[in-house]
file work.csv (CSV, C-alpha atoms and all ligand atoms)
chain,number,residue,atom,x,y,z
V,247,MET,CA,19.9,37.9,10.3
V,248,TYR,CA,23.6,38.8,11.0
V,249,ASP,CA,26.3,39.0,8.4
V,250,ASN,CA,29.0,37.9,10.9
V,251,TRP,CA,29.6,35.2,13.4
V,252,GLU,CA,30.4,37.4,16.4
V,253,GLU,CA,27.0,39.1,16.4
V,254,LEU,CA,25.1,35.9,15.7
V,255,GLU,CA,26.8,34.1,18.5
V,256,GLN,CA,26.3,37.0,20.8
V,257,SER,CA,22.6,37.2,19.9
V,258,ILE,CA,22.0,33.6,21.1
V,259,VAL,CA,23.8,33.6,24.4
V,260,ASN,CA,20.9,34.6,26.5
V,261,CYS,CA,18.1,33.4,24.2
V,262,GLN,CA,14.7,32.8,25.8
V,263,LYS,CA,12.7,32.5,22.6
V,264,CYS,CA,11.3,29.1,23.6
V,265,LYS,CA,10.7,27.0,26.8
V,266,LEU,CA,13.9,24.9,26.2
V,267,CYS,CA,15.8,27.8,27.8
V,268,GLN,CA,14.4,26.8,31.2
V,269,ASN,CA,16.5,23.7,31.8
V,270,ARG,CA,19.6,24.3,29.8
V,271,ASN,CA,23.1,24.4,31.2
V,272,HIS,CA,24.8,25.5,27.9
V,273,ILE,CA,23.6,26.6,24.6
V,274,VAL,CA,25.0,24.3,21.9
V,275,PHE,CA,25.6,26.7,19.1
V,276,GLY,CA,27.7,24.7,16.6
V,277,ILE,CA,31.2,23.7,15.9
V,278,GLY,CA,33.7,23.3,13.0
V,279,ASN,CA,34.9,24.9,9.9
V,280,LYS,CA,33.0,28.1,9.3
V,281,ASN,CA,33.7,27.9,5.6
V,282,ALA,CA,33.0,24.2,5.3
V,283,ASP,CA,31.7,22.7,2.0
V,284,ILE,CA,29.9,20.1,4.1
V,285,MET,CA,27.5,20.9,7.0
V,286,LEU,CA,25.8,18.3,9.2
V,287,ILE,CA,22.5,19.1,11.0
V,288,GLY,CA,21.3,17.0,14.0
V,289,GLU,CA,18.3,17.3,16.2
V,290,GLY,CA,19.3,18.9,19.5
V,291,PRO,CA,21.7,18.6,22.4
V,292,GLY,CA,21.7,15.6,24.7
V,293,ALA,CA,23.0,15.5,28.3
V,294,ASP,CA,26.7,15.5,27.3
V,295,GLU,CA,26.3,18.3,24.8
V,296,ASP,CA,24.3,20.4,27.3
V,297,LYS,CA,27.1,19.9,29.8
V,298,GLN,CA,29.9,20.8,27.4
V,299,GLY,CA,28.2,23.2,25.0
V,300,ILE,CA,29.5,21.2,22.0
V,301,PRO,CA,27.4,19.2,19.5
V,302,PHE,CA,27.8,15.4,19.1
V,303,VAL,CA,30.2,14.7,22.0
V,304,GLY,CA,28.1,11.9,23.6
V,305,LYS,CA,27.7,8.3,22.5
V,306,ALA,CA,26.0,9.1,19.2
V,307,GLY,CA,28.7,11.7,18.4
V,308,GLN,CA,31.4,9.2,19.1
V,309,LEU,CA,29.8,6.7,16.7
V,310,MET,CA,29.6,9.4,14.1
V,311,ASN,CA,33.3,10.3,14.7
V,312,LYS,CA,34.2,6.6,14.0
V,313,ALA,CA,32.4,6.7,10.7
V,314,PHE,CA,34.2,10.0,9.8
V,315,GLU,CA,37.5,8.4,10.6
V,316,ALA,CA,36.8,5.4,8.5
V,317,LEU,CA,35.8,7.5,5.6
V,318,GLY,CA,38.6,10.0,5.9
V,319,ILE,CA,36.5,12.9,7.0
V,320,ASP,CA,38.2,15.3,9.4
V,321,ARG,CA,35.7,16.4,12.0
V,322,GLY,CA,37.3,19.9,12.0
V,323,SER,CA,36.8,20.3,8.3
V,324,VAL,CA,33.0,20.1,8.4
V,325,TYR,CA,30.5,22.3,10.3
V,326,ILE,CA,28.1,20.6,12.8
V,327,ALA,CA,24.9,22.2,14.3
V,328,ASN,CA,21.4,21.2,15.5
V,329,ILE,CA,17.8,22.2,14.8
V,330,VAL,CA,17.5,23.4,18.5
V,331,LYS,CA,20.3,24.8,20.5
V,332,CYS,CA,19.1,23.9,23.9
V,333,ARG,CA,18.5,20.4,25.3
V,334,PRO,CA,14.9,19.1,25.2
V,335,PRO,CA,13.9,17.4,28.6
V,336,ALA,CA,14.8,13.7,28.6
V,337,ASN,CA,16.0,14.1,25.0
V,338,ARG,CA,12.5,14.2,23.6
V,339,VAL,CA,12.0,15.4,20.0
V,340,PRO,CA,11.8,19.2,19.8
V,341,GLU,CA,8.2,20.4,19.6
V,342,ALA,CA,7.1,22.5,16.6
V,343,ASP,CA,7.1,25.8,18.4
V,344,GLU,CA,10.6,25.2,19.7
V,345,ALA,CA,12.0,24.2,16.3
V,346,GLU,CA,10.3,27.2,14.8
V,347,ALA,CA,11.7,29.6,17.4
V,348,CYS,CA,15.2,28.3,16.9
V,349,LEU,CA,15.4,27.8,13.2
V,350,ASN,CA,16.4,31.3,12.3
V,351,TYR,CA,19.7,30.8,14.1
V,352,LEU,CA,20.4,27.7,12.0
V,353,ARG,CA,19.3,29.5,8.8
V,354,ASN,CA,21.8,32.3,9.6
V,355,GLN,CA,24.5,29.7,10.2
V,356,VAL,CA,23.8,28.1,6.8
V,357,ILE,CA,24.0,31.6,5.2
V,358,LEU,CA,27.4,32.3,6.8
V,359,VAL,CA,28.9,28.8,6.2
V,360,LYS,CA,27.6,28.6,2.6
V,361,PRO,CA,27.9,24.8,2.4
V,362,LYS,CA,27.6,23.0,-0.9
V,363,ILE,CA,26.3,19.9,0.9
V,364,ILE,CA,24.1,19.5,3.9
V,365,VAL,CA,23.7,16.2,5.7
V,366,LEU,CA,20.4,15.9,7.5
V,367,LEU,CA,20.8,13.6,10.4
V,368,GLY,CA,17.5,11.9,11.1
V,369,SER,CA,13.8,12.8,10.8
V,370,THR,CA,13.8,16.0,12.9
V,371,ALA,CA,16.4,17.6,10.7
V,372,LEU,CA,14.8,16.4,7.5
V,373,LYS,CA,11.3,17.5,8.4
V,374,ASN,CA,12.3,20.9,9.7
V,375,ILE,CA,14.6,21.7,6.8
V,376,LEU,CA,13.0,20.2,3.8
V,377,GLY,CA,9.4,19.8,4.9
V,378,LYS,CA,7.0,17.7,7.0
V,379,GLU,CA,6.0,15.7,3.9
V,380,TYR,CA,9.4,13.9,3.9
V,381,GLY,CA,10.0,10.6,5.8
V,382,ILE,CA,13.5,9.6,6.7
V,383,THR,CA,13.0,5.9,5.8
V,384,SER,CA,12.3,6.7,2.1
V,385,ALA,CA,14.3,9.9,1.7
V,386,ARG,CA,17.6,8.7,3.1
V,387,GLY,CA,20.4,8.0,0.7
V,388,LYS,CA,19.1,10.2,-2.1
V,389,TRP,CA,20.2,13.6,-3.1
V,390,ILE,CA,17.7,16.5,-2.9
V,391,GLU,CA,18.6,19.8,-4.4
V,392,ARG,CA,17.2,23.1,-3.1
V,393,LYS,CA,18.4,26.5,-4.0
V,394,GLY,CA,21.8,25.4,-5.0
V,395,ILE,CA,22.5,23.2,-2.0
V,396,LEU,CA,22.6,19.4,-2.1
V,397,TYR,CA,20.9,17.7,0.8
V,398,MET,CA,21.6,14.1,1.8
V,399,PRO,CA,19.2,12.8,4.4
V,400,THR,CA,20.5,9.9,6.5
V,401,TRP,CA,19.9,8.1,9.8
V,402,HIS,CA,20.5,10.0,13.0
V,403,PRO,CA,23.6,8.4,14.6
V,404,ALA,CA,21.6,7.6,17.8
V,405,ALA,CA,19.4,5.3,15.6
V,406,LEU,CA,22.5,3.3,14.8
V,407,LEU,CA,22.9,2.6,18.5
V,408,ARG,CA,19.4,1.1,18.6
V,409,ASP,CA,19.6,-0.8,15.3
V,410,GLU,CA,23.0,-2.1,14.1
V,411,THR,CA,21.7,-2.8,10.6
V,412,LYS,CA,21.3,1.0,10.0
V,413,LYS,CA,25.1,1.4,10.3
V,414,ILE,CA,25.7,0.1,6.8
V,415,GLU,CA,23.2,2.5,5.3
V,416,PHE,CA,24.6,5.4,7.3
V,417,TRP,CA,28.1,4.7,6.0
V,418,LYS,CA,26.9,4.3,2.5
V,419,ASP,CA,25.1,7.7,2.7
V,420,LEU,CA,28.2,9.4,4.1
V,421,LYS,CA,30.3,7.7,1.3
V,422,LEU,CA,28.1,9.3,-1.3
V,423,VAL,CA,28.7,12.7,0.4
V,424,ILE,CA,32.4,12.3,0.4
V,425,GLU,CA,32.4,11.2,-3.3
V,426,LYS,CA,30.3,14.2,-4.2
V,427,TYR,CA,32.6,16.5,-2.2
V,428,HIS,CA,35.7,15.1,-4.0
V,429,SER,CA,33.9,15.6,-7.4
V,430,PHE,CA,33.9,19.3,-6.8
V,431,SER,CA,37.7,19.6,-6.7
K,501,LIG,N1,22.0,14.3,19.0
K,501,LIG,C1,21.8,15.4,18.3
K,501,LIG,O1,20.9,15.5,17.5
K,501,LIG,N2,22.7,16.4,18.4
K,501,LIG,C2,23.7,16.4,19.2
K,501,LIG,O2,24.4,17.4,19.3
K,501,LIG,C3,23.9,15.3,20.0
K,501,LIG,C4,23.1,14.2,19.9
K,502,LIG,FE1,16.5,30.0,22.1
K,502,LIG,FE2,16.8,27.9,20.5
K,502,LIG,FE3,17.4,27.7,23.1
K,502,LIG,FE4,14.9,27.9,22.3
K,502,LIG,S1,16.2,26.2,21.8
K,502,LIG,S2,15.8,29.0,24.0
K,502,LIG,S3,15.1,29.3,20.5
K,502,LIG,S4,18.4,29.0,21.6
call {"tool": "encode", "arguments": {"input": "work.csv", "output": "C-alpha cells"}}
result
Amino acid sequence: MYDNWEELEQSIVNCQKCKLCQNRNHIVFGIGNKNADIMLIGEGPGADEDKQGIPFVGKAGQLMNKAFEALGIDRGSVYIANIVKCRPPANRVPEADEAEACLNYLRNQVILVKPKIIVLLGSTALKNILGKEYGITSARGKWIERKGILYMPTWHPAALLRDETKKIEFWKDLKLVIEKYHSFS
C-alpha cells in the first residue's frame, strides 16, 4: 500500500500481475477528485477506455454523464475507477484471478480518496467489493454500511443500454446518493 498518489500510479504503469496485461493499450487507473466524498466503481475498461486510458468515456459512460448532468453531479467532483485496470478481451467479465490481482490497487485508491459514499456500478463491482453472496437485482437501491463507508449498489450503465426500464431505477439510486451527500453538509 502507498500513502501517496504518485507512488501508487507509478507502481501500476508496467503492471503484469494478471493476464489482462497482454492485450491492453492503456491502463485505466481512475479519474476525478482525489478527495471526493463520492466514489464510483465500475467493472473494467472497454475499447474506448483502453484507447484513451480514461474510465467511462464510451457509450455507457456518456449515458452516465447524462444522468450526472440531470442530477446536478459534476463529473469532476467525484472519483471514478474500475475493478480491473486493463481491458478484458471482448469486454468479458473479469475472471476471479484477474479481479483478485487488481483489487489491491483499488483498495489503495479508496484509502487515499477516503470517500463517504461508494456507488457500485453493477454485479462485478458489487460482488468483488461486498461479497459473492450479493446479487445486484436485490441489492440495488439500498444502502449497505461497511467500516464507515456507505455503499449504494446500482445497475451498471451498460445495462441501461440493453434495457431502458433500468434507467428509472438507476436515476432513483443516484438521486438517493445525491440526497445523502447533501445531508452531510
Ligand atoms: N464499463 C466499465 O465498467 N468501466 C469503464 O470504465 C467503462 C465501461
Ligand atoms: Fe495489473 Fe490490474 Fe492490469 Fe491485471 S488488470 S495487469 S492486475 S493493472
call {"tool": "residues_near_ligand", "arguments": {"input": "work.csv", "ligand": "ligand LIG 502 (chain K)", "cutoff": "12 Å", "atoms": "all atoms listed in the file", "output": "mmCIF file with C-alpha atoms, keeping the file's coordinate frame"}}
result
data_model
loop_
_atom_site.group_PDB
_atom_site.id
_atom_site.type_symbol
_atom_site.label_atom_id
_atom_site.label_comp_id
_atom_site.auth_asym_id
_atom_site.auth_seq_id
_atom_site.Cartn_x
_atom_site.Cartn_y
_atom_site.Cartn_z
ATOM 1 C CA LEU V 254 25.100 35.900 15.700
ATOM 2 C CA GLU V 255 26.800 34.100 18.500
ATOM 3 C CA GLN V 256 26.300 37.000 20.800
ATOM 4 C CA SER V 257 22.600 37.200 19.900
ATOM 5 C CA ILE V 258 22.000 33.600 21.100
ATOM 6 C CA VAL V 259 23.800 33.600 24.400
ATOM 7 C CA ASN V 260 20.900 34.600 26.500
ATOM 8 C CA CYS V 261 18.100 33.400 24.200
ATOM 9 C CA GLN V 262 14.700 32.800 25.800
ATOM 10 C CA LYS V 263 12.700 32.500 22.600
ATOM 11 C CA CYS V 264 11.300 29.100 23.600
ATOM 12 C CA LYS V 265 10.700 27.000 26.800
ATOM 13 C CA LEU V 266 13.900 24.900 26.200
ATOM 14 C CA CYS V 267 15.800 27.800 27.800
ATOM 15 C CA GLN V 268 14.400 26.800 31.200
ATOM 16 C CA ASN V 269 16.500 23.700 31.800
ATOM 17 C CA ARG V 270 19.600 24.300 29.800
ATOM 18 C CA ASN V 271 23.100 24.400 31.200
ATOM 19 C CA HIS V 272 24.800 25.500 27.900
ATOM 20 C CA ILE V 273 23.600 26.600 24.600
ATOM 21 C CA VAL V 274 25.000 24.300 21.900
ATOM 22 C CA PHE V 275 25.600 26.700 19.100
ATOM 23 C CA GLY V 276 27.700 24.700 16.600
ATOM 24 C CA GLU V 289 18.300 17.300 16.200
ATOM 25 C CA GLY V 290 19.300 18.900 19.500
ATOM 26 C CA PRO V 291 21.700 18.600 22.400
ATOM 27 C CA ASP V 296 24.300 20.400 27.300
ATOM 28 C CA GLY V 299 28.200 23.200 25.000
ATOM 29 C CA ALA V 327 24.900 22.200 14.300
ATOM 30 C CA ASN V 328 21.400 21.200 15.500
ATOM 31 C CA ILE V 329 17.800 22.200 14.800
ATOM 32 C CA VAL V 330 17.500 23.400 18.500
ATOM 33 C CA LYS V 331 20.300 24.800 20.500
ATOM 34 C CA CYS V 332 19.100 23.900 23.900
ATOM 35 C CA ARG V 333 18.500 20.400 25.300
ATOM 36 C CA PRO V 334 14.900 19.100 25.200
ATOM 37 C CA PRO V 335 13.900 17.400 28.600
ATOM 38 C CA VAL V 339 12.000 15.400 20.000
ATOM 39 C CA PRO V 340 11.800 19.200 19.800
ATOM 40 C CA GLU V 341 8.200 20.400 19.600
ATOM 41 C CA ALA V 342 7.100 22.500 16.600
ATOM 42 C CA ASP V 343 7.100 25.800 18.400
ATOM 43 C CA GLU V 344 10.600 25.200 19.700
ATOM 44 C CA ALA V 345 12.000 24.200 16.300
ATOM 45 C CA GLU V 346 10.300 27.200 14.800
ATOM 46 C CA ALA V 347 11.700 29.600 17.400
ATOM 47 C CA CYS V 348 15.200 28.300 16.900
ATOM 48 C CA LEU V 349 15.400 27.800 13.200
ATOM 49 C CA ASN V 350 16.400 31.300 12.300
ATOM 50 C CA TYR V 351 19.700 30.800 14.100
ATOM 51 C CA LEU V 352 20.400 27.700 12.000
#
call {"tool": "residues_near_ligand", "arguments": {"input": "work.csv", "ligand": "ligand LIG 501 (chain K)", "cutoff": "8 Å", "atoms": "only C-alpha atoms and all ligand atoms", "output": "list of chain:residue names"}}
result
V:Val274, V:Ile287, V:Gly288, V:Glu289, V:Gly290, V:Pro291, V:Gly292, V:Asp294, V:Glu295, V:Ile300, V:Pro301, V:Phe302, V:Val303, V:Gly304, V:Lys305, V:Ala306, V:Gly307, V:Ala327, V:Asn328, V:Ile329, V:Leu367, V:His402, V:Pro403, V:Ala404
call {"tool": "write_last_selection", "arguments": {"input": "work.csv", "atoms": "C-alpha atoms", "output": "short mmCIF file (atom, residue, chain, number, x, y, z; two decimals), keeping the file's coordinate frame"}}
result
data_model
loop_
_atom_site.label_atom_id
_atom_site.label_comp_id
_atom_site.auth_asym_id
_atom_site.auth_seq_id
_atom_site.Cartn_x
_atom_site.Cartn_y
_atom_site.Cartn_z
CA VAL V 274 25.00 24.30 21.90
CA ILE V 287 22.50 19.10 11.00
CA GLY V 288 21.30 17.00 14.00
CA GLU V 289 18.30 17.30 16.20
CA GLY V 290 19.30 18.90 19.50
CA PRO V 291 21.70 18.60 22.40
CA GLY V 292 21.70 15.60 24.70
CA ASP V 294 26.70 15.50 27.30
CA GLU V 295 26.30 18.30 24.80
CA ILE V 300 29.50 21.20 22.00
CA PRO V 301 27.40 19.20 19.50
CA PHE V 302 27.80 15.40 19.10
CA VAL V 303 30.20 14.70 22.00
CA GLY V 304 28.10 11.90 23.60
CA LYS V 305 27.70 8.30 22.50
CA ALA V 306 26.00 9.10 19.20
CA GLY V 307 28.70 11.70 18.40
CA ALA V 327 24.90 22.20 14.30
CA ASN V 328 21.40 21.20 15.50
CA ILE V 329 17.80 22.20 14.80
CA LEU V 367 20.80 13.60 10.40
CA HIS V 402 20.50 10.00 13.00
CA PRO V 403 23.60 8.40 14.60
CA ALA V 404 21.60 7.60 17.80
#
call {"tool": "closest_residue", "arguments": {"input": "work.csv", "among": "V:Lys421, V:Gly394, V:Glu315, V:Leu309", "to": "Arg408 in chain V", "atoms": "all atoms listed in the file"}}
result
V:Leu309
call {"tool": "closest_residue", "arguments": {"input": "work.csv", "among": "V:Thr400, V:Ser384, V:Ser323, V:Gln355", "to": "Ile284 in chain V", "atoms": "only C-alpha atoms"}}
result
V:Ser323
call {"tool": "atom_distance", "arguments": {"input": "work.csv", "atom1": "CA of Val324 in chain V", "atom2": "CA of Pro361 in chain V"}}
result
9.2 Å
call {"tool": "closest_residue", "arguments": {"input": "work.csv", "among": "V:Lys312, V:Ile326, V:Ala371, V:Lys280", "to": "Lys413 in chain V", "atoms": "all atoms listed in the file"}}
result
V:Lys312
call {"tool": "closest_atom_pairs", "arguments": {"input": "work.csv", "of": "range 298-386 of chain V", "to": "range 415-420 of chain V", "cutoff": "8 Å", "atoms": "all atoms listed in the file", "output": "JSON lines"}}
result
{"residue": "V:Ala313", "atom": "CA", "partner": "V:Trp417", "partner_atom": "CA", "distance": 6.7}
{"residue": "V:Leu317", "atom": "CA", "partner": "V:Leu420", "partner_atom": "CA", "distance": 8.0}
{"residue": "V:Arg386", "atom": "CA", "partner": "V:Asp419", "partner_atom": "CA", "distance": 7.6}
call {"tool": "closest_residue", "arguments": {"input": "work.csv", "among": "V:Tyr325, V:Tyr248, V:Trp389, V:Phe430", "to": "Ile357 in chain V", "atoms": "all atoms listed in the file"}}
result
V:Tyr248
call {"tool": "atom_distance", "arguments": {"input": "work.csv", "atom1": "CA of Leu358 in chain V", "atom2": "CA of Lys297 in chain V"}}
result
26.1 Å
call {"tool": "closest_residue", "arguments": {"input": "work.csv", "among": "V:Thr370, V:Ser431, V:Asn281, V:Gln308", "to": "Val356 in chain V", "atoms": "all atoms listed in the file"}}
result
V:Asn281
call {"tool": "decode", "arguments": {"input": "work.csv", "residues": "range 253-288 of chain V", "atoms": "N, CA and C atoms", "output": "JSON list (two decimals), in the first residue's frame"}}
result
[["chain", "number", "residue", "atom", "x", "y", "z"],
["V", 253, "GLU", "N", 3.31, 7.47, -6.06],
["V", 253, "GLU", "CA", 3.89, 6.14, -5.99],
["V", 253, "GLU", "C", 2.91, 5.06, -6.42],
["V", 254, "LEU", "N", 1.64, 5.24, -6.04],
["V", 254, "LEU", "CA", 0.63, 4.26, -6.44],
["V", 254, "LEU", "C", 0.51, 4.23, -7.97],
["V", 255, "GLU", "N", 0.40, 5.40, -8.58],
["V", 255, "GLU", "CA", 0.24, 5.45, -10.04],
["V", 255, "GLU", "C", 1.48, 4.88, -10.73],
["V", 256, "GLN", "N", 2.63, 5.19, -10.19],
["V", 256, "GLN", "CA", 3.88, 4.69, -10.75],
["V", 256, "GLN", "C", 3.94, 3.17, -10.67],
["V", 257, "SER", "N", 3.44, 2.62, -9.57],
["V", 257, "SER", "CA", 3.54, 1.17, -9.34],
["V", 257, "SER", "C", 2.71, 0.37, -10.33],
["V", 258, "ILE", "N", 1.75, 1.02, -10.95],
["V", 258, "ILE", "CA", 0.78, 0.32, -11.79],
["V", 258, "ILE", "C", 1.14, 0.38, -13.28],
["V", 259, "VAL", "N", 2.01, 1.32, -13.62],
["V", 259, "VAL", "CA", 2.28, 1.62, -15.04],
["V", 259, "VAL", "C", 2.69, 0.39, -15.85],
["V", 260, "ASN", "N", 3.56, -0.43, -15.30],
["V", 260, "ASN", "CA", 4.01, -1.61, -16.05],
["V", 260, "ASN", "C", 3.48, -2.90, -15.47],
["V", 261, "CYS", "N", 2.31, -2.83, -14.83],
["V", 261, "CYS", "CA", 1.80, -3.99, -14.10],
["V", 261, "CYS", "C", 1.59, -5.20, -15.02],
["V", 262, "GLN", "N", 2.07, -6.34, -14.54],
["V", 262, "GLN", "CA", 1.86, -7.61, -15.25],
["V", 262, "GLN", "C", 1.36, -8.67, -14.28],
["V", 263, "LYS", "N", 0.59, -8.22, -13.30],
["V", 263, "LYS", "CA", 0.15, -9.15, -12.26],
["V", 263, "LYS", "C", -0.94, -10.11, -12.73],
["V", 264, "CYS", "N", -1.57, -9.81, -13.87],
["V", 264, "CYS", "CA", -2.53, -10.78, -14.40],
["V", 264, "CYS", "C", -2.49, -10.77, -15.92],
["V", 265, "LYS", "N", -3.21, -11.72, -16.53],
["V", 265, "LYS", "CA", -3.10, -11.91, -17.99],
["V", 265, "LYS", "C", -3.75, -10.79, -18.79],
["V", 266, "LEU", "N", -4.51, -9.92, -18.15],
["V", 266, "LEU", "CA", -5.11, -8.80, -18.88],
["V", 266, "LEU", "C", -4.05, -7.81, -19.38],
["V", 267, "CYS", "N", -2.84, -7.93, -18.87],
["V", 267, "CYS", "CA", -1.77, -7.03, -19.33],
["V", 267, "CYS", "C", -1.41, -7.29, -20.79],
["V", 268, "GLN", "N", -1.74, -8.51, -21.27],
["V", 268, "GLN", "CA", -1.25, -8.93, -22.59],
["V", 268, "GLN", "C", -1.84, -8.14, -23.76],
["V", 269, "ASN", "N", -3.09, -7.73, -23.62],
["V", 269, "ASN", "CA", -3.75, -7.07, -24.77],
["V", 269, "ASN", "C", -4.05, -5.60, -24.56],
["V", 270, "ARG", "N", -3.63, -5.05, -23.44],
["V", 270, "ARG", "CA", -4.03, -3.66, -23.16],
["V", 270, "ARG", "C", -3.22, -2.68, -24.00],
["V", 271, "ASN", "N", -3.86, -1.57, -24.33],
["V", 271, "ASN", "CA", -3.14, -0.43, -24.90],
["V", 271, "ASN", "C", -2.78, 0.56, -23.80],
["V", 272, "HIS", "N", -3.77, 0.82, -22.92],
["V", 272, "HIS", "CA", -3.54, 1.72, -21.79],
["V", 272, "HIS", "C", -4.13, 1.14, -20.52],
["V", 273, "ILE", "N", -3.43, 1.33, -19.44],
["V", 273, "ILE", "CA", -4.03, 1.06, -18.13],
["V", 273, "ILE", "C", -5.01, 2.19, -17.84],
["V", 274, "VAL", "N", -6.17, 1.82, -17.32],
["V", 274, "VAL", "CA", -7.17, 2.83, -16.95],
["V", 274, "VAL", "C", -7.17, 2.91, -15.42],
["V", 275, "PHE", "N", -6.45, 3.87, -14.92],
["V", 275, "PHE", "CA", -6.20, 3.95, -13.48],
["V", 275, "PHE", "C", -7.44, 4.44, -12.72],
["V", 276, "GLY", "N", -7.93, 5.60, -13.15],
["V", 276, "GLY", "CA", -9.06, 6.23, -12.46],
["V", 276, "GLY", "C", -8.98, 7.72, -12.72],
["V", 277, "ILE", "N", -10.07, 8.42, -12.44],
["V", 277, "ILE", "CA", -10.07, 9.86, -12.74],
["V", 277, "ILE", "C", -11.01, 10.59, -11.79],
["V", 278, "GLY", "N", -10.72, 11.85, -11.56],
["V", 278, "GLY", "CA", -11.64, 12.69, -10.80],
["V", 278, "GLY", "C", -10.99, 13.34, -9.59],
["V", 279, "ASN", "N", -11.85, 13.73, -8.66],
["V", 279, "ASN", "CA", -11.44, 14.43, -7.46],
["V", 279, "ASN", "C", -10.82, 13.44, -6.47],
["V", 280, "LYS", "N", -9.56, 13.62, -6.19],
["V", 280, "LYS", "CA", -8.86, 12.67, -5.32],
["V", 280, "LYS", "C", -9.23, 12.83, -3.85],
["V", 281, "ASN", "N", -10.07, 13.82, -3.55],
["V", 281, "ASN", "CA", -10.61, 13.96, -2.19],
["V", 281, "ASN", "C", -12.13, 13.87, -2.20],
["V", 282, "ALA", "N", -12.68, 13.17, -3.17],
["V", 282, "ALA", "CA", -14.13, 13.14, -3.36],
["V", 282, "ALA", "C", -14.86, 12.49, -2.19],
["V", 283, "ASP", "N", -16.07, 12.98, -1.92],
["V", 283, "ASP", "CA", -16.94, 12.31, -0.94],
["V", 283, "ASP", "C", -17.63, 11.11, -1.60],
["V", 284, "ILE", "N", -17.78, 11.19, -2.92],
["V", 284, "ILE", "CA", -18.47, 10.12, -3.65],
["V", 284, "ILE", "C", -17.50, 9.47, -4.63],
["V", 285, "MET", "N", -17.40, 8.14, -4.54],
["V", 285, "MET", "CA", -16.57, 7.39, -5.48],
["V", 285, "MET", "C", -17.48, 6.41, -6.23],
["V", 286, "LEU", "N", -17.22, 6.21, -7.51],
["V", 286, "LEU", "CA", -17.99, 5.24, -8.29],
["V", 286, "LEU", "C", -17.05, 4.16, -8.80],
["V", 287, "ILE", "N", -17.49, 2.92, -8.69],
["V", 287, "ILE", "CA", -16.64, 1.80, -9.13],
["V", 287, "ILE", "C", -17.37, 0.99, -10.19],
["V", 288, "GLY", "N", -16.73, 0.88, -11.35],
["V", 288, "GLY", "CA", -17.28, 0.09, -12.45],
["V", 288, "GLY", "C", -16.63, -1.29, -12.52]]
